[in-house]
Amino acid sequence: ALPTIRFMYDQVYFATKSADSDVKPFRNTYMFQITDLISQIAKIALFVYIVDLFNIVIEVLDLHFPRMTEFSQMFATVAYTLWATNRIQKFKRYVLSQTFKCTPEKMGRAKVLDRILEAFIYGIMVVILFDALSVPFGFAGKSIFTIGSIGTLTVSLASQTLVSNFLNGLALSVSDKIYEGDQVVFGDGTKGTVVSLGWMETVIRESDEIIVSVPNSQLGSRRISNLSRIHQCQVKQNLRFHYEDAGKLEKVMEDIKDSIREACPRLILDGSRAFRVYWNNYNSDHLEVVVDAHFFLPPTGNLYYDNRQKVLQAIHKAVTKNEIEFAVEKD
């Protein structure tokens, strides 16, 4: 049905629109949504009809299976319930993205409400399916209270961990500390991009593409640095020079400052951040000079590394200009 409707739409649409009008893709129209909805319902109805035919064949052959007469109705209920749940989930995310002015992939704080509604929708789905499949609740409920003390302790401990993960995940989302897609560094040294903020765990993709899953219960008390929320960065270098070049260091340090100013337009010079090049220490085999500069750039991404490279090139240019060499660390 979709190809036919699309062909008719294209013929009518392009015949009535002028050449300079914006072309609206068929997938972005209400006609596509309605047609796709009817098409999906028709496909499910076809499968239900096939199951009905199979049930009729079983009866004609006089084959007896337990509850076979109810199978067709149960299949239809399960199929339509699962389909309706999927459609409601998509509609829910669309409404939330329009309400909170975000995309379904990056929902920010709206993700908390999205999860609550998701749990509510799936809860209703489970109740409907249990009712359709005639799953008894009485015996299952009673059996929970009749298990032994060891089983009770096991369930309690497992539930404590699950509840801790859930509550910490909810608190993490509400706190606005991190969103999916943010660059983060945890207190234990784990760092990377937040791939997913789940109910029970947070998934991080490190720079080497290794995926790390961190239970939310561990994040509740762990220090988190969100690099995506920082708008300034630091480039700091320790330089080593020979003792025989001590007389040239003052000139070298001034030239390093001038070279960095010239090469890096995002250098912070308003006094709110440090910009220093200073002689820091005497060591056994070299003199130590520290370069400490701050920039109006985030501390991650291509802009940061491009700027860092410019700083290193500026240092090299100033040192080469004064015709001295770095003191290489000896093994």
# chains A, B, ... in the order shown; residues from 1 in each chain; ligands from 1
call {"tool": "residues_around", "arguments": {"residues": "range 301-318 of chain A", "least_positions_apart": "4", "cutoff": "10 Å", "atoms": "only C-alpha atoms", "output": "ChimeraX atom specification"}}
result
/A:183,227-228,232-237,239,251-267,291,293,295-297,322-326
call {"tool": "residues_around", "arguments": {"residues": "Met125 in chain A", "least_positions_apart": "6", "cutoff": "10 Å", "atoms": "only C-alpha atoms", "output": "PyMOL selection string"}}
result
chain A and resi 78+81-82+84-85+119+131
call {"tool": "closest_residue", "arguments": {"among": "A:Pro298, A:Asn280, A:Ile50, A:Lys248", "to": "Val319 in chain A", "atoms": "only C-alpha atoms"}}
result
A:Lys248
call {"tool": "closest_residue", "arguments": {"among": "A:Asp62, A:Arg87, A:Thr77, A:Ser272", "to": "Asp36 in chain A", "atoms": "only C-alpha atoms"}}
result
A:Arg87
call {"tool": "closest_residue", "arguments": {"among": "A:Ile41, A:Thr193, A:Ile121, A:Leu53", "to": "Trp83 in chain A", "atoms": "only C-alpha atoms"}}
result
A:Ile41
call {"tool": "atom_distance", "arguments": {"atom1": "CA of Ile211 in chain A", "atom2": "CA of Val184 in chain A"}}
result
13.7 Å
call {"tool": "atom_distance", "arguments": {"atom1": "CA of Ala42 in chain A", "atom2": "CA of Leu96 in chain A"}}
result
28.4 Å
call {"tool": "residues_around", "arguments": {"residues": "Leu219 in chain A", "least_positions_apart": "2", "cutoff": "10 Å", "atoms": "only C-alpha atoms", "output": "number ranges by chain"}}
result
A: 165, 168-169, 172, 186-187, 201-202, 214-217, 221-224
call {"tool": "atom_distance", "arguments": {"atom1": "CA of Val127 in chain A", "atom2": "CA of Leu197 in chain A"}}
result
26.6 Å
call {"tool": "closest_residue", "arguments": {"among": "A:Leu61, A:Leu117, A:Val126, A:Ala76", "to": "Lys90 in chain A", "atoms": "only C-alpha atoms"}}
result
A:Leu117
call {"tool": "residues_around", "arguments": {"residues": "Asn283 in chain A", "least_positions_apart": "5", "cutoff": "12 Å", "atoms": "only C-alpha atoms", "output": "short mmCIF file (atom, residue, chain, number, x, y, z; two decimals) with all heavy atoms, in the first residue's frame"}}
result
data_model
loop_
_atom_site.label_atom_id
_atom_site.label_comp_id
_atom_site.auth_asym_id
_atom_site.auth_seq_id
_atom_site.Cartn_x
_atom_site.Cartn_y
_atom_site.Cartn_z
N LEU A 239 59.62 22.40 30.70
CA LEU A 239 60.74 22.41 29.76
C LEU A 239 62.05 22.21 30.51
O LEU A 239 62.22 22.69 31.63
CB LEU A 239 60.78 23.73 28.99
CG LEU A 239 59.45 24.17 28.33
CD1 LEU A 239 59.64 25.51 27.61
CD2 LEU A 239 58.96 23.11 27.36
N ARG A 240 62.99 21.52 29.88
CA ARG A 240 64.30 21.24 30.48
C ARG A 240 65.39 21.91 29.65
O ARG A 240 65.45 21.74 28.43
CB ARG A 240 64.55 19.72 30.51
CG ARG A 240 63.53 18.93 31.33
CD ARG A 240 63.52 17.46 30.92
NE ARG A 240 64.85 16.88 30.98
CZ ARG A 240 65.32 16.19 32.02
NH1 ARG A 240 64.55 15.96 33.08
NH2 ARG A 240 66.55 15.69 32.01
N PHE A 241 66.26 22.69 30.32
CA PHE A 241 67.35 23.37 29.63
C PHE A 241 68.67 23.06 30.33
O PHE A 241 68.71 22.76 31.53
CB PHE A 241 67.12 24.89 29.61
CG PHE A 241 65.94 25.31 28.79
CD1 PHE A 241 64.73 25.63 29.40
CD2 PHE A 241 66.02 25.37 27.41
CE1 PHE A 241 63.65 26.03 28.66
CE2 PHE A 241 64.93 25.77 26.65
CZ PHE A 241 63.74 26.09 27.27
N HIS A 242 69.77 23.18 29.56
CA HIS A 242 71.10 22.94 30.09
C HIS A 242 71.53 24.11 30.99
O HIS A 242 71.12 25.26 30.78
CB HIS A 242 72.11 22.77 28.95
CG HIS A 242 71.82 21.57 28.09
ND1 HIS A 242 72.03 20.28 28.50
CD2 HIS A 242 71.32 21.49 26.82
CE1 HIS A 242 71.69 19.44 27.53
NE2 HIS A 242 71.26 20.15 26.49
N TYR A 243 72.41 23.81 31.95
CA TYR A 243 72.92 24.85 32.86
C TYR A 243 73.71 25.92 32.11
O TYR A 243 73.68 27.09 32.49
CB TYR A 243 73.80 24.21 33.95
CG TYR A 243 73.01 23.78 35.17
CD1 TYR A 243 72.46 22.50 35.22
CD2 TYR A 243 72.83 24.64 36.24
CE1 TYR A 243 71.73 22.09 36.33
CE2 TYR A 243 72.10 24.23 37.36
CZ TYR A 243 71.56 22.96 37.40
OH TYR A 243 70.83 22.57 38.50
N GLU A 288 64.66 23.81 35.07
CA GLU A 288 63.26 23.57 34.73
C GLU A 288 62.52 24.88 34.53
O GLU A 288 62.52 25.76 35.40
CB GLU A 288 62.58 22.76 35.82
CG GLU A 288 61.13 22.40 35.49
CD GLU A 288 60.48 21.60 36.59
OE1 GLU A 288 60.18 22.19 37.66
OE2 GLU A 288 60.26 20.39 36.40
N VAL A 289 61.86 25.00 33.37
CA VAL A 289 61.02 26.15 33.05
C VAL A 289 59.59 25.64 32.80
O VAL A 289 59.40 24.65 32.08
CB VAL A 289 61.54 26.91 31.82
CG1 VAL A 289 60.54 27.98 31.37
CG2 VAL A 289 62.89 27.54 32.12
N ALA A 327 67.31 20.03 27.18
CA ALA A 327 68.10 19.02 27.87
C ALA A 327 67.31 17.72 27.88
O ALA A 327 66.25 17.64 28.52
CB ALA A 327 68.42 19.46 29.31
N GLU A 329 66.27 14.06 28.84
CA GLU A 329 66.37 13.27 30.06
C GLU A 329 67.18 12.01 29.79
O GLU A 329 66.94 11.29 28.82
CB GLU A 329 64.98 12.89 30.56
CG GLU A 329 64.96 12.17 31.87
CD GLU A 329 63.55 11.90 32.38
OE1 GLU A 329 62.58 12.29 31.67
OE2 GLU A 329 63.42 11.31 33.46
#
call {"tool": "select_by_dssp", "arguments": {"residues": "range 257-303 of chain A", "states": "alpha helix (DSSP H)", "output": "PDB file with N, CA, C and O atoms, in the first residue's frame"}}
result
ATOM      1  N   LYS A 257      56.513  33.633  25.447  1.00  0.00           N
ATOM      2  CA  LYS A 257      55.259  34.357  25.668  1.00  0.00           C
ATOM      3  C   LYS A 257      54.780  35.058  24.404  1.00  0.00           C
ATOM      4  O   LYS A 257      53.606  34.971  24.017  1.00  0.00           O
ATOM      5  N   ASP A 258      55.689  35.768  23.759  1.00  0.00           N
ATOM      6  CA  ASP A 258      55.319  36.502  22.537  1.00  0.00           C
ATOM      7  C   ASP A 258      54.858  35.545  21.442  1.00  0.00           C
ATOM      8  O   ASP A 258      53.893  35.822  20.719  1.00  0.00           O
ATOM      9  N   SER A 259      55.545  34.422  21.328  1.00  0.00           N
ATOM     10  CA  SER A 259      55.222  33.453  20.280  1.00  0.00           C
ATOM     11  C   SER A 259      53.848  32.832  20.507  1.00  0.00           C
ATOM     12  O   SER A 259      53.076  32.625  19.564  1.00  0.00           O
ATOM     13  N   ILE A 260      53.512  32.544  21.771  1.00  0.00           N
ATOM     14  CA  ILE A 260      52.201  31.958  22.082  1.00  0.00           C
ATOM     15  C   ILE A 260      51.102  32.983  21.839  1.00  0.00           C
ATOM     16  O   ILE A 260      50.029  32.656  21.305  1.00  0.00           O
ATOM     17  N   ARG A 261      51.347  34.250  22.232  1.00  0.00           N
ATOM     18  CA  ARG A 261      50.357  35.301  21.983  1.00  0.00           C
ATOM     19  C   ARG A 261      50.052  35.416  20.487  1.00  0.00           C
ATOM     20  O   ARG A 261      48.903  35.602  20.074  1.00  0.00           O
ATOM     21  N   GLU A 262      51.076  35.335  19.691  1.00  0.00           N
ATOM     22  CA  GLU A 262      50.921  35.488  18.244  1.00  0.00           C
ATOM     23  C   GLU A 262      50.222  34.284  17.615  1.00  0.00           C
ATOM     24  O   GLU A 262      49.403  34.447  16.706  1.00  0.00           O
ATOM     25  N   ALA A 263      50.506  33.074  18.117  1.00  0.00           N
ATOM     26  CA  ALA A 263      49.988  31.853  17.485  1.00  0.00           C
ATOM     27  C   ALA A 263      48.592  31.470  17.964  1.00  0.00           C
ATOM     28  O   ALA A 263      47.867  30.774  17.252  1.00  0.00           O
ATOM     29  N   ASN A 302      38.708  18.480  18.736  1.00  0.00           N
ATOM     30  CA  ASN A 302      39.735  18.870  17.780  1.00  0.00           C
ATOM     31  C   ASN A 302      40.282  20.275  18.023  1.00  0.00           C
ATOM     32  O   ASN A 302      41.479  20.530  17.833  1.00  0.00           O
ATOM     33  N   LEU A 303      39.403  21.202  18.450  1.00  0.00           N
ATOM     34  CA  LEU A 303      39.866  22.575  18.692  1.00  0.00           C
ATOM     35  C   LEU A 303      40.916  22.609  19.796  1.00  0.00           C
ATOM     36  O   LEU A 303      41.905  23.355  19.713  1.00  0.00           O
TER      37      LEU A 303
END
call {"tool": "closest_residue", "arguments": {"among": "A:Gln98, A:Glu180, A:Phe71, A:Arg93", "to": "Ala132 in chain A", "atoms": "only C-alpha atoms"}}
result
A:Phe71
